[in-house]
There are 2 protein chains.
Amino acid sequence: MDLDPRARELLTGPNIGNLGYHGLDGYPKVLPVWFRLAGDEIQVASPPGAYKCRALRADPRAVLTVSTPVAPYHVVSVSGLARVDVFPEPERIEFVRAVAEHYLGAEGGRRYVDGWIKGGHPGPGDLIRIPMERVRYTNVSGE
Amino acid sequence: MDLDPRARELLTGPNIGNLGYHGLDGYPKVLPVWFRLAGDEIQVASPPGAYKCRALRADPRAVLTVSTPVAPYHVVSVSGLARVDVFPEPERIEFVRAVAEHYLGAEGGRRYVDGWIKGGHPGPGDLIRIPMERVRYTNVSGE
């Protein structure tokens, strides 16, 4: 995808994404997540059977918004129909290791994975994949 | 409302909120916003007739999620049925001045308002009010 370089910078830096989806109760939900841009899709790992995965399986319409935490605010929103697949244990471990180091640095990422990995066998999880069907980049003022 | 002190800290500090709502196209939308906690409601100012206001008038189900930008992640989500009212110019100016100083500090807020106020007459805007019908506080790991 021909991505605006400022959008790409936001999507590839260690910025928290805010995942938006329709909740099972009909309300919109917004959840901060770690994510990875892989080719033309956004990938988010999840423990198996989490609420967000059940909701996205029921209604796959999703958005991921990333913004700078302080002014000036740069914002990118990626929308698409999410797929939720089983994430086999080996690929899940590799993915979590990569995103943890991306967000926490080499040392912090290692510590995170050591605590998360549960003796080497966290089991399978879920992988949320949002194809970048629409990308919107904006600068916003505060109001 | 009897608010968890950690939730109150997130909602009263200069943290960006992520406003979630149902878009007019049926997709979930997530938008970073400045907000103020006033009594039992979340308040967000908007220019008149903005997309988010038209969407919230069509479907008032809303959520505002606030999280710390770096680990460890503390997250609070406030859900409720939003009201969108006309924001008369004098109250709008006072509100924008207060939130700009809250987020940017005294000096930065003054500069922001000087640029925003358009010669003293920005006109009326919209005020989004989300009553805190449900508040959810969580600590999340990255996955």
# chains A, B, ... in the order shown; residues from 1 in each chain; ligands from 1
>>> residues_around(residues="Val140 (chain A)", least_positions_apart="5", cutoff="9 Å", atoms="only C-alpha atoms", output="list in words")
Pro72, Tyr73, His74 and Val75 of chain A; Pro32 and Val33 of chain B
>>> write_last_selection(atoms="C-alpha atoms", output="compact mmCIF listing (two decimals), in the first residue's frame")
# COMPACT_ATOMS: atom_id res chain seq x y z
CA PRO A 72 1.24 18.63 18.04
CA TYR A 73 -1.08 15.70 17.50
CA HIS A 74 -0.60 13.52 14.45
CA VAL A 75 -3.23 10.87 14.00
CA PRO B 32 -7.91 11.32 20.20
CA VAL B 33 -9.47 14.26 22.03
>>> interface_residues(of="chain A", to="chain B", cutoff="8 Å", atoms="only C-alpha atoms", output="JSON, numbers by chain")
{"A": [15, 16, 18, 19, 20, 21, 22, 27, 28, 29, 30, 31, 32, 33, 34, 44, 45, 46, 47, 61, 62, 63, 64, 65, 67, 69, 70, 71, 75, 77, 79, 96, 100, 104, 142, 143]}
>>> select_by_dssp(residues="region 3-143 of chain A", states="alpha helix (DSSP H)", output="ChimeraX atom specification")
/A:5-12,51-58,89-116
>>> calpha_fit_and_write(fixed="chain A", moving="chain B", output="PDB file with C-alpha atoms, in the first residue's frame")
ATOM      1  CA  MET B   1      -0.009   0.022  -0.012  1.00  0.00           C
ATOM      2  CA  ASP B   2       1.177   3.531  -0.856  1.00  0.00           C
ATOM      3  CA  LEU B   3       1.223   4.897   2.679  1.00  0.00           C
ATOM      4  CA  ASP B   4       1.756   8.539   3.637  1.00  0.00           C
ATOM      5  CA  PRO B   5       5.264   8.642   5.137  1.00  0.00           C
ATOM      6  CA  ARG B   6       3.949  10.390   8.256  1.00  0.00           C
ATOM      7  CA  ALA B   7       1.339   7.648   8.681  1.00  0.00           C
ATOM      8  CA  ARG B   8       4.014   5.002   8.212  1.00  0.00           C
ATOM      9  CA  GLU B   9       6.186   6.651  10.843  1.00  0.00           C
ATOM     10  CA  LEU B  10       3.320   6.547  13.364  1.00  0.00           C
ATOM     11  CA  LEU B  11       2.515   2.930  12.517  1.00  0.00           C
ATOM     12  CA  THR B  12       6.096   1.686  12.727  1.00  0.00           C
ATOM     13  CA  GLY B  13       7.248   3.569  15.835  1.00  0.00           C
ATOM     14  CA  PRO B  14       6.685   2.209  19.359  1.00  0.00           C
ATOM     15  CA  ASN B  15       3.331   3.988  19.672  1.00  0.00           C
ATOM     16  CA  ILE B  16       0.356   2.421  21.406  1.00  0.00           C
ATOM     17  CA  GLY B  17      -2.569   1.697  19.112  1.00  0.00           C
ATOM     18  CA  ASN B  18      -6.161   2.232  20.171  1.00  0.00           C
ATOM     19  CA  LEU B  19      -8.280  -0.596  18.818  1.00  0.00           C
ATOM     20  CA  GLY B  20     -11.917   0.281  18.192  1.00  0.00           C
ATOM     21  CA  TYR B  21     -14.627  -2.311  17.637  1.00  0.00           C
ATOM     22  CA  HIS B  22     -18.312  -2.957  18.257  1.00  0.00           C
ATOM     23  CA  GLY B  23     -18.828  -4.583  21.645  1.00  0.00           C
ATOM     24  CA  LEU B  24     -21.166  -7.510  22.133  1.00  0.00           C
ATOM     25  CA  ASP B  25     -23.455  -5.117  24.053  1.00  0.00           C
ATOM     26  CA  GLY B  26     -23.741  -2.807  21.046  1.00  0.00           C
ATOM     27  CA  TYR B  27     -21.478  -0.134  22.527  1.00  0.00           C
ATOM     28  CA  PRO B  28     -18.272   1.004  20.852  1.00  0.00           C
ATOM     29  CA  LYS B  29     -15.144  -0.211  22.642  1.00  0.00           C
ATOM     30  CA  VAL B  30     -11.660   1.298  22.638  1.00  0.00           C
ATOM     31  CA  LEU B  31      -8.670  -0.625  23.954  1.00  0.00           C
ATOM     32  CA  PRO B  32      -4.985   0.327  23.924  1.00  0.00           C
ATOM     33  CA  VAL B  33      -2.911  -2.406  22.288  1.00  0.00           C
ATOM     34  CA  TRP B  34       0.545  -3.305  21.112  1.00  0.00           C
ATOM     35  CA  PHE B  35       0.512  -3.922  17.377  1.00  0.00           C
ATOM     36  CA  ARG B  36       2.772  -4.590  14.451  1.00  0.00           C
ATOM     37  CA  LEU B  37       2.484  -3.345  10.878  1.00  0.00           C
ATOM     38  CA  ALA B  38       3.127  -6.368   8.642  1.00  0.00           C
ATOM     39  CA  GLY B  39       2.818  -5.730   4.933  1.00  0.00           C
ATOM     40  CA  ASP B  40      -0.652  -4.331   4.333  1.00  0.00           C
ATOM     41  CA  GLU B  41      -2.155  -5.323   7.650  1.00  0.00           C
ATOM     42  CA  ILE B  42      -2.155  -4.468  11.339  1.00  0.00           C
ATOM     43  CA  GLN B  43      -1.495  -7.420  13.646  1.00  0.00           C
ATOM     44  CA  VAL B  44      -2.472  -7.645  17.303  1.00  0.00           C
ATOM     45  CA  ALA B  45      -1.841 -10.673  19.505  1.00  0.00           C
ATOM     46  CA  SER B  46      -4.310 -11.713  22.188  1.00  0.00           C
ATOM     47  CA  PRO B  47      -4.738 -14.398  24.813  1.00  0.00           C
ATOM     48  CA  PRO B  48      -7.190 -17.029  23.527  1.00  0.00           C
ATOM     49  CA  GLY B  49     -10.899 -16.244  23.707  1.00  0.00           C
ATOM     50  CA  ALA B  50     -10.550 -12.641  24.912  1.00  0.00           C
ATOM     51  CA  TYR B  51     -13.599 -10.381  24.783  1.00  0.00           C
ATOM     52  CA  LYS B  52     -12.202  -8.293  21.933  1.00  0.00           C
ATOM     53  CA  CYS B  53     -11.712 -11.433  19.828  1.00  0.00           C
ATOM     54  CA  ARG B  54     -15.202 -12.747  20.484  1.00  0.00           C
ATOM     55  CA  ALA B  55     -16.604  -9.331  19.585  1.00  0.00           C
ATOM     56  CA  LEU B  56     -14.527  -9.079  16.388  1.00  0.00           C
ATOM     57  CA  ARG B  57     -15.581 -12.569  15.345  1.00  0.00           C
ATOM     58  CA  ALA B  58     -19.210 -11.441  15.743  1.00  0.00           C
ATOM     59  CA  ASP B  59     -18.660  -8.116  13.922  1.00  0.00           C
ATOM     60  CA  PRO B  60     -15.308  -7.731  12.148  1.00  0.00           C
ATOM     61  CA  ARG B  61     -15.510  -3.990  11.522  1.00  0.00           C
ATOM     62  CA  ALA B  62     -12.461  -2.549  13.213  1.00  0.00           C
ATOM     63  CA  VAL B  63     -10.305   0.540  13.438  1.00  0.00           C
ATOM     64  CA  LEU B  64      -6.879   1.133  14.885  1.00  0.00           C
ATOM     65  CA  THR B  65      -5.971   4.719  15.719  1.00  0.00           C
ATOM     66  CA  VAL B  66      -2.452   5.806  16.564  1.00  0.00           C
ATOM     67  CA  SER B  67      -1.541   9.288  17.692  1.00  0.00           C
ATOM     68  CA  THR B  68       1.353  11.134  19.246  1.00  0.00           C
ATOM     69  CA  PRO B  69       0.734  11.445  23.003  1.00  0.00           C
ATOM     70  CA  VAL B  70       1.564  15.157  23.181  1.00  0.00           C
ATOM     71  CA  ALA B  71       0.973  18.188  20.965  1.00  0.00           C
ATOM     72  CA  PRO B  72       1.253  18.622  18.045  1.00  0.00           C
ATOM     73  CA  TYR B  73      -1.080  15.691  17.509  1.00  0.00           C
ATOM     74  CA  HIS B  74      -0.601  13.518  14.465  1.00  0.00           C
ATOM     75  CA  VAL B  75      -3.230  10.871  14.005  1.00  0.00           C
ATOM     76  CA  VAL B  76      -3.599   7.895  11.729  1.00  0.00           C
ATOM     77  CA  SER B  77      -6.645   5.625  11.618  1.00  0.00           C
ATOM     78  CA  VAL B  78      -6.658   2.295   9.801  1.00  0.00           C
ATOM     79  CA  SER B  79     -10.018   0.665   9.107  1.00  0.00           C
ATOM     80  CA  GLY B  80     -10.867  -2.763   7.772  1.00  0.00           C
ATOM     81  CA  LEU B  81     -12.635  -6.036   8.373  1.00  0.00           C
ATOM     82  CA  ALA B  82     -10.643  -7.917  10.998  1.00  0.00           C
ATOM     83  CA  ARG B  83      -9.854 -11.609  10.905  1.00  0.00           C
ATOM     84  CA  VAL B  84      -9.204 -13.484  14.116  1.00  0.00           C
ATOM     85  CA  ASP B  85      -7.231 -16.692  13.758  1.00  0.00           C
ATOM     86  CA  VAL B  86      -5.748 -19.159  16.192  1.00  0.00           C
ATOM     87  CA  PHE B  87      -2.127 -18.160  16.844  1.00  0.00           C
ATOM     88  CA  PRO B  88      -0.067 -21.364  17.258  1.00  0.00           C
ATOM     89  CA  GLU B  89       2.262 -21.310  20.237  1.00  0.00           C
ATOM     90  CA  PRO B  90       5.629 -21.054  18.404  1.00  0.00           C
ATOM     91  CA  GLU B  91       4.527 -18.151  16.197  1.00  0.00           C
ATOM     92  CA  ARG B  92       2.789 -16.532  19.161  1.00  0.00           C
ATOM     93  CA  ILE B  93       5.974 -16.594  21.232  1.00  0.00           C
ATOM     94  CA  GLU B  94       8.006 -15.169  18.364  1.00  0.00           C
ATOM     95  CA  PHE B  95       5.461 -12.397  17.801  1.00  0.00           C
ATOM     96  CA  VAL B  96       5.160 -11.426  21.462  1.00  0.00           C
ATOM     97  CA  ARG B  97       8.944 -11.362  21.794  1.00  0.00           C
ATOM     98  CA  ALA B  98       9.233  -9.045  18.791  1.00  0.00           C
ATOM     99  CA  VAL B  99       6.526  -6.603  19.875  1.00  0.00           C
ATOM    100  CA  ALA B 100       7.672  -6.577  23.507  1.00  0.00           C
ATOM    101  CA  GLU B 101      11.188  -5.592  22.385  1.00  0.00           C
ATOM    102  CA  HIS B 102       9.700  -3.056  19.970  1.00  0.00           C
ATOM    103  CA  TYR B 103       7.761  -1.329  22.768  1.00  0.00           C
ATOM    104  CA  LEU B 104       9.990  -1.905  25.789  1.00  0.00           C
ATOM    105  CA  GLY B 105      13.471  -2.123  24.301  1.00  0.00           C
ATOM    106  CA  ALA B 106      15.767  -5.173  24.307  1.00  0.00           C
ATOM    107  CA  GLU B 107      16.181  -5.436  28.067  1.00  0.00           C
ATOM    108  CA  GLY B 108      12.597  -4.545  29.013  1.00  0.00           C
ATOM    109  CA  GLY B 109      11.254  -6.852  26.313  1.00  0.00           C
ATOM    110  CA  ARG B 110      13.280  -9.786  27.630  1.00  0.00           C
ATOM    111  CA  ARG B 111      11.980  -9.197  31.147  1.00  0.00           C
ATOM    112  CA  TYR B 112       8.413  -8.954  29.845  1.00  0.00           C
ATOM    113  CA  VAL B 113       8.658 -12.211  27.907  1.00  0.00           C
ATOM    114  CA  ASP B 114      10.275 -14.005  30.864  1.00  0.00           C
ATOM    115  CA  GLY B 115       7.246 -13.155  32.976  1.00  0.00           C
ATOM    116  CA  TRP B 116       4.719 -13.812  30.231  1.00  0.00           C
ATOM    117  CA  ILE B 117       5.977 -17.114  28.861  1.00  0.00           C
ATOM    118  CA  LYS B 118       4.877 -19.257  31.808  1.00  0.00           C
ATOM    119  CA  GLY B 119       7.736 -21.744  31.847  1.00  0.00           C
ATOM    120  CA  GLY B 120       8.028 -21.836  28.065  1.00  0.00           C
ATOM    121  CA  HIS B 121       4.475 -22.922  27.256  1.00  0.00           C
ATOM    122  CA  PRO B 122       1.964 -20.072  27.048  1.00  0.00           C
ATOM    123  CA  GLY B 123      -0.094 -22.197  24.636  1.00  0.00           C
ATOM    124  CA  PRO B 124      -1.827 -20.906  21.531  1.00  0.00           C
ATOM    125  CA  GLY B 125      -3.471 -17.494  21.463  1.00  0.00           C
ATOM    126  CA  ASP B 126      -5.414 -15.450  18.946  1.00  0.00           C
ATOM    127  CA  LEU B 127      -4.057 -13.223  16.201  1.00  0.00           C
ATOM    128  CA  ILE B 128      -6.150 -10.253  15.094  1.00  0.00           C
ATOM    129  CA  ARG B 129      -5.400  -9.057  11.577  1.00  0.00           C
ATOM    130  CA  ILE B 130      -6.819  -5.803  10.245  1.00  0.00           C
ATOM    131  CA  PRO B 131      -6.244  -5.252   6.530  1.00  0.00           C
ATOM    132  CA  MET B 132      -5.524  -1.593   5.754  1.00  0.00           C
ATOM    133  CA  GLU B 133      -8.628  -1.050   3.646  1.00  0.00           C
ATOM    134  CA  ARG B 134      -8.803   2.639   4.541  1.00  0.00           C
ATOM    135  CA  VAL B 135      -6.076   4.805   6.035  1.00  0.00           C
ATOM    136  CA  ARG B 136      -6.736   8.331   7.225  1.00  0.00           C
ATOM    137  CA  TYR B 137      -3.947  10.652   8.359  1.00  0.00           C
ATOM    138  CA  THR B 138      -4.736  13.945  10.075  1.00  0.00           C
ATOM    139  CA  ASN B 139      -3.290  16.685  12.172  1.00  0.00           C
ATOM    140  CA  VAL B 140      -5.708  17.663  14.875  1.00  0.00           C
ATOM    141  CA  SER B 141      -5.906  20.619  17.159  1.00  0.00           C
ATOM    142  CA  GLY B 142      -7.205  20.082  20.670  1.00  0.00           C
ATOM    143  CA  GLU B 143     -10.782  21.167  20.139  1.00  0.00           C
TER     144      GLU B 143
END
>>> select_by_dssp(residues="region 27-103 of chain A", states="strand (DSSP E)", output="PyMOL selection string")
chain A and resi 28-33+36-38+41-46+61-67+73-81+83-87
